[in-house]
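Listing of start-v8.cif, mmCIF, C-alpha atoms
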data_work
loop_
_atom_site.group_PDB
_atom_site.id
_atom_site.type_symbol
_atom_site.label_atom_id
_atom_site.label_comp_id
_atom_site.auth_asym_id
_atom_site.auth_seq_id
_atom_site.Cartn_x
_atom_site.Cartn_y
_atom_site.Cartn_z
ATOM 1 C CA MET A 259 -27.189 -90.091 42.632
ATOM 2 C CA ARG A 260 -25.161 -87.128 41.291
ATOM 3 C CA VAL A 261 -26.420 -84.657 38.771
ATOM 4 C CA CYS A 262 -24.118 -83.819 35.887
ATOM 5 C CA GLN A 263 -23.608 -80.176 34.952
ATOM 6 C CA PHE A 264 -22.246 -80.869 31.450
ATOM 7 C CA ARG A 265 -24.677 -80.914 28.527
ATOM 8 C CA HIS A 266 -22.992 -83.677 26.556
ATOM 9 C CA LEU A 267 -23.035 -86.169 29.447
ATOM 10 C CA PRO A 268 -26.095 -88.003 30.736
ATOM 11 C CA THR A 269 -27.983 -85.999 33.286
ATOM 12 C CA ALA A 270 -27.407 -88.473 36.124
ATOM 13 C CA TRP A 271 -25.404 -91.598 37.007
ATOM 14 C CA ASP A 272 -24.769 -93.770 40.043
ATOM 15 C CA GLU A 273 -21.563 -93.767 42.080
ATOM 16 C CA SER A 274 -20.859 -97.323 40.912
ATOM 17 C CA ASP A 275 -21.187 -96.378 37.235
ATOM 18 C CA THR A 276 -18.305 -95.042 35.258
ATOM 19 C CA MET A 277 -18.564 -91.931 33.166
ATOM 20 C CA PRO A 278 -19.956 -93.137 29.851
ATOM 21 C CA PHE A 279 -18.097 -90.887 27.404
ATOM 22 C CA TYR A 280 -14.802 -90.206 29.129
ATOM 23 C CA ASP A 281 -11.885 -92.395 30.008
ATOM 24 C CA ILE A 282 -10.183 -90.549 32.800
ATOM 25 C CA MET A 283 -6.486 -91.315 32.524
ATOM 26 C CA ALA A 284 -3.749 -90.562 34.985
ATOM 27 C CA ARG A 285 -1.394 -87.832 33.842
ATOM 28 C CA GLN A 286 1.988 -89.030 32.728
ATOM 29 C CA ASP A 287 4.863 -88.171 35.015
ATOM 30 C CA LYS A 288 7.222 -86.106 32.853
ATOM 31 C CA THR A 289 9.809 -85.249 35.486
ATOM 32 C CA ASP A 290 12.603 -87.297 33.914
ATOM 33 C CA GLU A 291 11.598 -87.233 30.257
ATOM 34 C CA LYS A 292 14.860 -87.010 28.331
ATOM 35 C CA LYS A 293 15.358 -86.880 24.552
ATOM 36 C CA THR A 294 19.016 -87.226 23.542
ATOM 37 C CA VAL A 295 20.006 -85.051 20.591
ATOM 38 C CA ALA A 296 23.777 -85.555 20.288
ATOM 39 C CA THR A 297 26.398 -87.680 22.021
ATOM 40 C CA ASN A 298 30.176 -87.416 22.150
ATOM 41 C CA ARG A 299 31.110 -91.010 21.367
ATOM 42 C CA LYS A 300 34.853 -90.509 21.531
ATOM 43 C CA ALA A 301 34.785 -88.798 24.923
ATOM 44 C CA ARG A 302 34.981 -91.994 26.965
ATOM 45 C CA GLN A 303 37.525 -93.447 24.562
ATOM 46 C CA PHE A 304 40.035 -90.600 24.865
ATOM 47 C CA TYR A 305 39.224 -89.319 28.368
ATOM 48 C CA GLU A 306 38.757 -90.743 31.834
ATOM 49 C CA ILE A 307 35.587 -89.121 33.196
ATOM 50 C CA LEU A 308 36.011 -88.117 36.849
ATOM 51 C CA GLU A 309 32.784 -86.189 37.475
ATOM 52 C CA VAL A 310 29.603 -85.430 35.514
ATOM 53 C CA VAL A 311 27.653 -82.147 35.729
ATOM 54 C CA GLU A 312 24.376 -81.134 34.058
ATOM 55 C CA ALA A 313 24.126 -77.586 32.698
ATOM 56 C CA GLY A 314 21.570 -75.632 30.725
ATOM 57 C CA LEU A 315 22.330 -74.184 27.281
ATOM 58 C CA GLN A 316 21.570 -70.603 26.298
ATOM 59 C CA LEU A 317 20.301 -70.803 22.706
ATOM 60 C CA ARG A 318 18.517 -68.564 20.218
ATOM 61 C CA GLY A 319 15.116 -69.579 18.757
ATOM 62 C CA PRO A 320 16.271 -71.058 15.428
ATOM 63 C CA GLU A 321 19.029 -72.978 17.220
ATOM 64 C CA VAL A 322 16.480 -74.713 19.434
ATOM 65 C CA LYS A 323 14.409 -75.712 16.402
ATOM 66 C CA SER A 324 17.498 -76.994 14.604
ATOM 67 C CA LEU A 325 18.704 -78.855 17.699
ATOM 68 C CA ARG A 326 15.347 -80.628 17.960
ATOM 69 C CA GLY A 327 16.019 -81.897 14.442
ATOM 70 C CA GLY A 328 18.936 -83.916 15.836
ATOM 71 C CA GLN A 329 21.746 -82.886 13.465
ATOM 72 C CA ALA A 330 24.092 -81.340 16.069
ATOM 73 C CA SER A 331 27.692 -82.505 16.503
ATOM 74 C CA LEU A 332 29.926 -82.520 19.572
ATOM 75 C CA ASP A 333 33.161 -83.403 17.729
ATOM 76 C CA GLY A 334 36.007 -81.219 18.962
ATOM 77 C CA CYS A 335 33.753 -79.487 21.476
ATOM 78 C CA TYR A 336 34.914 -78.336 24.923
ATOM 79 C CA ALA A 337 33.850 -76.014 27.748
ATOM 80 C CA ARG A 338 35.970 -73.334 29.364
ATOM 81 C CA PRO A 339 35.383 -70.486 31.857
ATOM 82 C CA ASN A 340 36.017 -66.908 30.725
ATOM 83 C CA ASP A 341 37.456 -63.970 32.695
ATOM 84 C CA SER A 342 34.090 -62.833 34.073
ATOM 85 C CA GLY A 343 33.395 -66.224 35.707
ATOM 86 C CA GLU A 344 30.995 -67.706 33.151
ATOM 87 C CA LEU A 345 31.266 -71.066 31.409
ATOM 88 C CA PHE A 346 31.037 -71.258 27.626
ATOM 89 C CA LEU A 347 30.726 -74.209 25.273
ATOM 90 C CA HIS A 348 33.193 -73.820 22.394
ATOM 91 C CA ASN A 349 33.049 -75.383 18.924
ATOM 92 C CA PHE A 350 29.566 -76.931 19.316
ATOM 93 C CA TYR A 351 28.047 -77.343 15.844
ATOM 94 C CA ILE A 352 24.334 -76.677 15.387
ATOM 95 C CA PRO A 353 23.333 -76.538 11.715
ATOM 96 C CA PRO A 354 21.373 -73.482 10.553
ATOM 97 C CA TYR A 355 17.606 -73.841 10.714
ATOM 98 C CA VAL A 356 16.309 -73.839 7.149
ATOM 99 C CA PHE A 357 12.962 -72.171 7.874
ATOM 100 C CA ALA A 358 14.304 -69.326 10.066
ATOM 101 C CA THR A 359 13.085 -66.007 8.691
ATOM 102 C CA SER A 360 13.118 -63.589 11.636
ATOM 103 C CA LEU A 361 16.888 -62.971 11.760
ATOM 104 C CA GLU A 362 18.607 -60.423 9.534
ATOM 105 C CA GLU A 363 21.766 -62.489 9.300
ATOM 106 C CA PRO A 364 22.169 -66.217 10.014
ATOM 107 C CA LEU A 365 23.769 -67.321 13.270
ATOM 108 C CA ASP A 366 27.288 -68.738 13.298
ATOM 109 C CA THR A 367 27.003 -72.533 13.456
ATOM 110 C CA ARG A 368 30.010 -72.894 15.783
ATOM 111 C CA ARG A 369 29.573 -69.820 17.982
ATOM 112 C CA ASN A 370 30.351 -69.958 21.706
ATOM 113 C CA ARG A 371 27.254 -70.779 23.724
ATOM 114 C CA LYS A 372 26.816 -69.848 27.368
ATOM 115 C CA LEU A 373 26.300 -72.653 29.897
ATOM 116 C CA LEU A 374 23.735 -72.011 32.600
ATOM 117 C CA LEU A 375 24.934 -73.062 36.055
ATOM 118 C CA HIS A 376 24.724 -71.645 39.562
ATOM 119 C CA GLY A 377 27.637 -69.454 40.635
ATOM 120 C CA ALA A 378 28.795 -71.937 43.272
ATOM 121 C CA GLU A 379 28.895 -74.747 40.691
ATOM 122 C CA ILE A 380 30.906 -72.569 38.291
ATOM 123 C CA ARG A 381 33.430 -71.685 41.020
ATOM 124 C CA LYS A 382 33.727 -75.351 42.001
ATOM 125 C CA ILE A 383 34.338 -76.450 38.392
ATOM 126 C CA SER A 384 36.756 -73.564 37.726
ATOM 127 C CA GLY A 385 38.752 -74.530 40.821
ATOM 128 C CA LYS A 386 39.039 -78.122 39.615
ATOM 129 C CA LEU A 387 40.041 -77.012 36.102
ATOM 130 C CA THR A 388 43.128 -75.283 37.496
ATOM 131 C CA THR A 389 44.537 -78.769 38.158
ATOM 132 C CA LYS A 390 46.963 -79.694 35.398
ATOM 133 C CA GLY A 391 45.614 -82.195 32.871
ATOM 134 C CA LEU A 392 41.882 -81.739 33.573
ATOM 135 C CA THR A 393 39.421 -80.477 30.990
ATOM 136 C CA LEU A 394 35.667 -80.056 30.680
ATOM 137 C CA ILE A 395 34.104 -81.916 27.753
ATOM 138 C CA PRO A 396 30.452 -82.386 26.791
ATOM 139 C CA LEU A 397 29.230 -85.975 26.903
ATOM 140 C CA GLU A 398 25.726 -85.502 25.487
ATOM 141 C CA VAL A 399 23.157 -82.854 24.604
ATOM 142 C CA TYR A 400 19.497 -83.555 25.335
ATOM 143 C CA PHE A 401 16.125 -82.003 26.041
ATOM 144 C CA LYS A 402 14.791 -82.503 29.550
ATOM 145 C CA ASN A 403 11.200 -81.352 30.081
ATOM 146 C CA GLY A 404 11.565 -79.092 27.041
ATOM 147 C CA TRP A 405 14.810 -77.413 28.152
ATOM 148 C CA ALA A 406 18.098 -77.883 26.305
ATOM 149 C CA LYS A 407 20.694 -79.429 28.613
ATOM 150 C CA VAL A 408 24.273 -80.591 28.231
ATOM 151 C CA SER A 409 25.995 -83.239 30.313
ATOM 152 C CA LEU A 410 29.572 -82.106 31.008
ATOM 153 C CA GLY A 411 32.338 -84.400 32.158
ATOM 154 C CA LEU A 412 35.351 -83.266 34.139
ATOM 155 C CA ALA A 413 37.931 -85.424 32.413
ATOM 156 C CA LYS A 414 41.578 -86.379 32.329
ATOM 157 C CA GLY A 415 43.148 -87.398 29.022
ATOM 158 C CA LYS A 416 44.094 -91.055 28.552
ATOM 159 C CA THR A 417 47.501 -92.087 27.289
ATOM 160 C CA GLY A 418 48.002 -94.709 24.593
ATOM 161 C CA ALA A 419 48.697 -97.398 27.199
ATOM 162 C CA ASP A 420 45.472 -96.588 29.061
ATOM 163 C CA ARG A 421 43.451 -96.940 25.874
ATOM 164 C CA ARG A 422 45.087 -100.286 25.063
ATOM 165 C CA ASP A 423 44.279 -101.551 28.568
ATOM 166 C CA ASP A 424 40.641 -100.515 28.122
ATOM 167 C CA LEU A 425 40.466 -102.346 24.795
ATOM 168 C CA LYS A 426 41.920 -105.504 26.404
ATOM 169 C CA LYS A 427 39.389 -105.342 29.256
ATOM 170 C CA LYS A 428 36.550 -104.851 26.791
ATOM 171 C CA ALA A 429 37.705 -107.851 24.710
ATOM 172 C CA ILE A 430 37.968 -110.065 27.815
ATOM 173 C CA ARG A 431 34.485 -109.018 28.966
ATOM 174 C CA ARG A 432 33.063 -109.680 25.483
ATOM 175 C CA GLU A 433 34.645 -113.176 25.420
ATOM 176 C CA ALA A 434 33.227 -113.962 28.872
ATOM 177 C CA GLU A 435 29.736 -112.853 27.818
ATOM 178 C CA LYS A 436 30.000 -114.925 24.644
ATOM 179 C CA SER A 437 31.038 -118.056 26.569
ATOM 180 C CA PHE A 438 28.109 -117.687 29.012
ATOM 181 C CA LYS A 439 25.585 -116.857 26.317
ATOM 182 C CA GLY A 440 25.096 -120.383 25.005
ATOM 183 C CA SER A 441 25.353 -122.263 28.326
ATOM 184 C CA TYR A 442 22.644 -120.455 30.301
ATOM 185 C CA ARG A 443 18.993 -120.860 29.323
ATOM 186 C CA GLY A 444 16.757 -118.780 31.530
#

Starting from the file, give its structure as structure tokens.
Amino acid sequence: MRVCQFRHLPTAWDESDTMPFYDIMARQDKTDEKKTVATNRKARQFYEILEVVEAGLQLRGPEVKSLRGGQASLDGCYARPNDSGELFLHNFYIPPYVFATSLEEPLDTRRNRKLLLHGAEIRKISGKLTTKGLTLIPLEVYFKNGWAKVSLGLAKGKTGADRRDDLKKKAIRREAEKSFKGSYRG
């Protein structure tokens, strides 16, 4: 028999007994908790994604609060390295946070935001961007374990014929799924 050292629990209980006032629960594994804030829906329509990279976003306090609100937009957004070897996200819209009071002047809603990557990753991406026709576009912005992240796609622009082919393939796949839908009862 063990003796309890807490005042609000019974003074003693057997090994076979459970603790009377507490349900001991296993801690949730939060390693891959991901909350999507904004997605670039047209990215896969207009670009062929060759490689995907995850990068951190350098944000100010009110921007983080506003981003958690989920009103950000990735339309017309792109990433590009500067002369000093850093990657920046251009034209990413984060609306101003209404309750921000600590700043003297409000932040620009479409300012360039620094992407946080290791130096080797930046050099690798910059080397691939020198290839003609490749660009770096954001696919989605999300919070992962409380940190703001952006999923970047190394992409090549699609021509009109490529887009038409994709639409045909999608229509054929949709027709096939529709024909199988009624015949199979699982």

Inset, instruction - Name all residues at most 12 Å from region 424-428 of chain A (count only C-alpha atoms; drop same-chain ones fewer than 6 positions away) and give them as an MDAnalysis selection string. - result: chainID A and resid 302:306 416:418 434:435

Inset, instruction - Using the chain letters and numbering of this document, enumerate as a ChimeraX atom specification the residues selected by the PyMOL selection byres ((chain A and resi 299) around 10). - result: /A:296-298,300-304,332-333,397-398

Legend entry - For Pro320 (chain A): contacts at 8 Å, only C-alpha atoms, fewer than 4 positions along chain excluded, given as a list in words: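 Contacts, in chain order: Ser324, Pro354, Tyr355 and Ala358 of chain A.
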
Inset, instruction - Using CA of Tyr400 (chain A) and CA of Arg338 (chain A) as the two end points, give the distance in Å to one decimal. - result: 19.8 Å

Inset, instruction - Quick one: residues within 10 Å of (25.2, -73.6, 13.3) (file frame), counting only C-alpha atoms, please, as number ranges by chain. - result: A: 320-321, 324-325, 329-331, 349-355, 364-369

Inset, instruction - State, in Å with one decimal place, the distance from CA of Leu315 (chain A) to CA of Val399 (chain A). - result: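 We find that CA of Leu315 (chain A) and CA of Val399 (chain A) lie 9.1 Å from each other.
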
Legend entry - Atom-to-atom span, CA of Phe346 (chain A) and CA of Leu374 (chain A), Å: 8.9 Å

Inset, instruction - For Thr393 (chain A), work out the shell of residues within 9 Å, counting only C-alpha atoms and skipping chain neighbours fewer than 3 positions away, then give it as a PyMOL selection string. - result: chain A and resi 336-338+386-387+389-390+411-415
